[in-house]
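**Student:** Quick one: the structure is below, and I'll ask about it shortly.
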Amino acid sequence: MSAVDTVMWRGDTDRRLRSTISVVEVYDSEPDWDRLVAAHDWGSRMAPRFRQRVIESPLHTGTPSWEVDPDFDLHYHLRRVRVPGDGSMRDLFTLCEQLAMTPLDSARPPWEGYLIDGLANGKTAYLLKGHHALTDGLGAIRVLAQLHSTTRDPIPGKPQPAAPLPRQLSGFDVLTRQIGEEVRRIPRMAGMAVDGVLALTDPKKALSRVLRYGRSVPRVAGMISPPGSPLLAGRSVSWRFSAFEVPFDAVHAAAKATGASVNDVYLGGLIGGFRKYHDAMGASVESIPVAIPISVRKPDDPAGGNRIAVGRLAGPVGIDDPFERVLTIREQVRAARSEPAVDVLNAIGPVLAWLPGSVLTQFSGTTSQNDLQASNVPGIPWETFVAGAKVERMYPFGPLPGCAVMATMITHNGTACLGVNLDAAAVTDPELFADCLVNGFNEVLDLADGEVTGRLIRVVD
């Protein structure tokens, strides 16, 4: 397990910091159960991490190990349930948030899949939940893509890798791997030391680089972020899901009209929703602390694990003009991506992993200062099917590692799908917040000036 994954894994010792990520898919019909089971068996052989469990070091420090679960049982991981009530989308998301809040079994591979029957109009849904240490958002999409097909009918001739062979690790095996990793790190550290000595040939330049990096670390670590909004100060262990969707062309048109990126428009819409919520609740703040993931994943990286850095923003809630708000966010995002210390968590991660669990949990809790964490994950841009059923929508829901709101967007077959996870103690009026988010997002979409029609809507029926 990587050092970053270790921080997430051990953060679960605090219930408020559980790192469970979820994806809810909506199908146009009921998939064939036997084909669905076979698809999961095949997918877990294609991505063996989903057959692996976490083995802690006997010292409970350093990075844990992944091992193939000798008792891997797909019957445990893949389940079938029925949505209560009238089978509305609101009923579906209520069920999914309850399932997502239930802790994963740390003695097994940390994921579960649920086929959910009983939706209105003959539809069904599927919930995949897994620990964030298993993979990041982009890695999860890669895994999901393996469960999807381009046709309703089975595709013959797919590769059929053998199931990975289990090998039970002892505590000695884990310690040996940890020591080996530290030994292999020595040449890199020596190289850095040599580079540092060579840099002294130009002391002025070397000092400038050190000072720039030193000033960057507090910004990346969130030590000089704006204070959180008093309106959103509450924290609990209760999650609330809301889902939204908008034609991706409308988001792209707004980005083109403002000279910003799709991600800038997305953030501008979210911040606009926060502004309207504060206005409606009679609260006034100029900015809120926002964190965004910056992917450092390369095409040849394995699907498992996390390949992310953290960008920090001062969300400009006080800016009323949506155009100015989007441009302000654009400049902040550019600055965050170019921070010298942007990858500091990955750099110091190997050291953090050796800290006692209680100290590491406190470090994980630095996310509690954020009012918003937001990510935008590329989805599957074409029509897809699962076991004979068409995938109509795909809604992502990130965890709440101490923050007030986690927002995630995935674009699936031309539709941008937003999943918003709220801390029930931070956002005390979730219905009002959802309305404000729709209005705030749509005023940013209006910047396209009618070039493309499309509005953000909440998914409730």
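Each chain of the structure tokens is named A, B, ... in the order shown, its residues numbered from 1; ligands are numbered from 1 in display order.
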Pull the closest atom pair for each residue of region 37-62 of chain A that gets at most 12 Å from region 13-32 of chain A, along with the distance in Å to one decimal, counting only C-alpha atoms, ordering rows by chain and then ascending residue number, as a tab-separated table.

**Tutor:**
residue	atom	partner	partner_atom	distance
A:Val37	CA	A:Asp32	CA	8.8
A:Ala38	CA	A:Asp32	CA	10.0
A:Ala39	CA	A:Asp32	CA	10.5

**Student:** Need the shell around region 169-174 of chain A: protein/DNA/RNA residues with any atom at most 8 Å away, counting only C-alpha atoms. Skip same-chain ones fewer than 4 positions apart. Format as a VMD selection string?

**Tutor:** chain A and resid 55 to 58 64 to 65 67 178

**Student:** So, with only C-alpha atoms as the atoms that count, which of A:Ala389, A:Val444, A:Ala162, A:Gly118 lies closest to Trp33 (chain A)?

**Tutor:** A:Ala389

**Student:** Which residues, written as JSON, numbers by chain, have at least one atom at most 10 Å from region 284-291 of chain A, with only C-alpha atoms counted and residues fewer than 4 positions away on the same chain left out?

**Tutor:** {"A": [220, 222, 224, 225, 226, 227, 228, 229, 230, 231, 232, 267, 271, 274, 275, 277, 278, 279, 280, 310, 311, 312, 313, 314, 315, 316, 317, 318, 319, 336, 367, 369, 370, 371, 372, 373, 374, 375, 403, 405, 406]}

**Student:** May I have the selected residues written with C-alpha atoms, as a short mmCIF file (atom, residue, chain, number, x, y, z; two decimals), in the first residue's frame?

**Tutor:**
data_model
loop_
_atom_site.label_atom_id
_atom_site.label_comp_id
_atom_site.auth_asym_id
_atom_site.auth_seq_id
_atom_site.Cartn_x
_atom_site.Cartn_y
_atom_site.Cartn_z
CA VAL A 220 -0.64 23.26 0.09
CA GLY A 222 -4.06 24.30 4.15
CA ILE A 224 -3.17 29.48 5.68
CA SER A 225 -6.57 28.73 4.16
CA PRO A 226 -9.48 31.06 4.92
CA PRO A 227 -11.47 30.13 8.04
CA GLY A 228 -14.42 27.85 7.54
CA SER A 229 -17.91 29.34 7.40
CA PRO A 230 -19.61 29.46 10.83
CA LEU A 231 -22.79 28.37 9.05
CA LEU A 232 -21.13 25.06 8.06
CA LEU A 267 -16.32 24.95 -9.35
CA ILE A 271 -19.40 28.15 -5.18
CA PHE A 274 -22.75 28.10 -1.51
CA ARG A 275 -23.21 31.87 -1.97
CA TYR A 277 -27.26 29.21 0.54
CA HIS A 278 -25.46 31.68 2.77
CA ASP A 279 -27.68 34.51 1.53
CA ALA A 280 -30.83 32.47 2.16
CA VAL A 310 -4.07 18.38 -3.25
CA GLY A 311 -4.86 21.89 -4.47
CA ARG A 312 -6.15 24.55 -2.05
CA LEU A 313 -8.48 27.40 -3.00
CA ALA A 314 -10.19 30.28 -1.24
CA GLY A 315 -13.68 29.76 -2.68
CA PRO A 316 -14.88 33.29 -3.62
CA VAL A 317 -18.36 33.11 -2.09
CA GLY A 318 -18.37 36.89 -1.74
CA ILE A 319 -18.22 37.50 -5.52
CA ALA A 336 -2.66 25.65 -7.05
CA THR A 367 -9.49 17.93 5.84
CA GLN A 369 -11.11 22.55 7.87
CA ASN A 370 -12.57 22.36 4.35
CA ASP A 371 -16.12 23.49 3.67
CA LEU A 372 -15.98 21.99 0.18
CA GLN A 373 -13.99 19.28 -1.49
CA ALA A 374 -14.74 18.88 -5.18
CA SER A 375 -13.48 16.59 -7.92
CA CYS A 403 -15.33 18.30 5.33
CA VAL A 405 -19.59 18.99 1.52
CA MET A 406 -18.05 16.59 -0.99
#

**Student:** Taking the DSSP assignment computed from this structure's backbone, write out as a list in words all residues of region 78-142 of chain A that belong to strand (DSSP E or B).

**Tutor:**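 Taking region 78-142 of chain A and keeping strand (DSSP E or B) gives Leu78, Arg79, Arg80, Val81, Arg82, Trp111, Glu112, Gly113, Tyr114, Leu115, Ile116, Asp117, Thr124, Ala125, Tyr126, Leu127, Leu128, Lys129, Gly130, His131 and Thr135 of chain A.
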
**Student:** If you keep C-alpha atoms, can you produce a file of those selected residues as a PDB file, in the first residue's frame?

**Tutor:**
ATOM      1  CA  LEU A  78     -22.137  -8.919  -4.433  1.00  0.00           C
ATOM      2  CA  ARG A  79     -25.627  -8.511  -2.996  1.00  0.00           C
ATOM      3  CA  ARG A  80     -29.195  -7.927  -4.073  1.00  0.00           C
ATOM      4  CA  VAL A  81     -31.608  -5.585  -2.258  1.00  0.00           C
ATOM      5  CA  ARG A  82     -34.867  -3.787  -2.983  1.00  0.00           C
ATOM      6  CA  TRP A 111     -15.613  -3.237  -1.470  1.00  0.00           C
ATOM      7  CA  GLU A 112     -19.251  -4.242  -1.890  1.00  0.00           C
ATOM      8  CA  GLY A 113     -21.653  -4.222  -4.851  1.00  0.00           C
ATOM      9  CA  TYR A 114     -25.462  -4.018  -4.641  1.00  0.00           C
ATOM     10  CA  LEU A 115     -28.021  -4.653  -7.366  1.00  0.00           C
ATOM     11  CA  ILE A 116     -31.061  -2.614  -6.316  1.00  0.00           C
ATOM     12  CA  ASP A 117     -34.473  -3.734  -7.597  1.00  0.00           C
ATOM     13  CA  THR A 124     -32.928  -0.981 -11.512  1.00  0.00           C
ATOM     14  CA  ALA A 125     -29.806   0.492  -9.945  1.00  0.00           C
ATOM     15  CA  TYR A 126     -26.368  -0.674  -8.885  1.00  0.00           C
ATOM     16  CA  LEU A 127     -24.249   0.654  -6.027  1.00  0.00           C
ATOM     17  CA  LEU A 128     -20.511   0.025  -5.880  1.00  0.00           C
ATOM     18  CA  LYS A 129     -18.867   1.119  -2.636  1.00  0.00           C
ATOM     19  CA  GLY A 130     -15.212   0.719  -1.812  1.00  0.00           C
ATOM     20  CA  HIS A 131     -12.509   2.149   0.381  1.00  0.00           C
ATOM     21  CA  THR A 135      -8.345   3.253  -5.770  1.00  0.00           C
TER      22      THR A 135
END

**Student:** I'd like the neighbourhood of Asp423 (chain A) as a VMD selection string, where a residue qualifies if any of its atoms comes within 9 Å (using only C-alpha atoms), though same-chain residues fewer than 5 positions away should be ignored.

**Tutor:** chain A and resid 234 to 240 400 402 to 406 428

**Student:** Write a file of the just-selected residues containing C-alpha atoms, as a short mmCIF file (atom, residue, chain, number, x, y, z; two decimals), in the first residue's frame.

**Tutor:**
data_model
loop_
_atom_site.label_atom_id
_atom_site.label_comp_id
_atom_site.auth_asym_id
_atom_site.auth_seq_id
_atom_site.Cartn_x
_atom_site.Cartn_y
_atom_site.Cartn_z
CA GLY A 234 -21.04 21.36 12.45
CA ARG A 235 -19.57 17.90 11.87
CA SER A 236 -21.07 14.46 12.43
CA VAL A 237 -20.98 10.90 11.09
CA SER A 238 -24.22 11.30 9.10
CA TRP A 239 -24.17 11.54 5.29
CA ARG A 240 -26.87 12.87 2.97
CA LEU A 400 -16.71 13.10 3.91
CA GLY A 402 -14.19 15.75 7.94
CA CYS A 403 -15.33 18.30 5.33
CA ALA A 404 -18.82 19.81 5.16
CA VAL A 405 -19.59 18.99 1.52
CA MET A 406 -18.05 16.59 -0.99
CA THR A 428 -28.83 21.73 8.27
#

**Student:** If I take CA of Ala120 (chain A) and CA of Ser88 (chain A), how far is one from the other in Å, to one decimal?

**Tutor:**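 Computing the Euclidean distance for CA of Ala120 (chain A) and CA of Ser88 (chain A) yields 6.1 Å.
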
**Student:** Can you measure CA of Ala434 (chain A) to CA of Glu383 (chain A) for me? One decimal in Å is fine.

**Tutor:**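 Distance reported for this atom pair: 28.4 Å.
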
**Student:** Give me, as number ranges by chain, all polymer residues having an atom no more than 12 Å from Cys417 (chain A), counting only C-alpha atoms and skipping those fewer than 2 positions away in the same chain.

**Tutor:** A: 23-26, 242-248, 251, 266, 375-380, 392-397, 407-415, 419-420, 456-459

**Student:** In Å, how far is it from CA of Gly398 (chain A) to CA of His60 (chain A)?

**Tutor:**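 Distance between the two atoms: 26.7 Å.
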
**Student:** Compile the contact shell of Gln52 (chain A) as a list in words: residues with an atom at most 7 Å away, counting only C-alpha atoms, same-chain residues fewer than 3 positions apart removed.

**Tutor:**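 Using only C-alpha atoms, the neighbours found are Pro48, Arg49, Trp66, Glu67, Val68, Asp69 and Pro109 of chain A.
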
**Student:** Find, counting only C-alpha atoms, the residue in A:Pro399, A:Pro293, A:Gly11, A:Gly440 that gets nearest to Asn263 (chain A).

**Tutor:**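 For Asn263 (chain A), the nearest of the candidates is A:Pro293.
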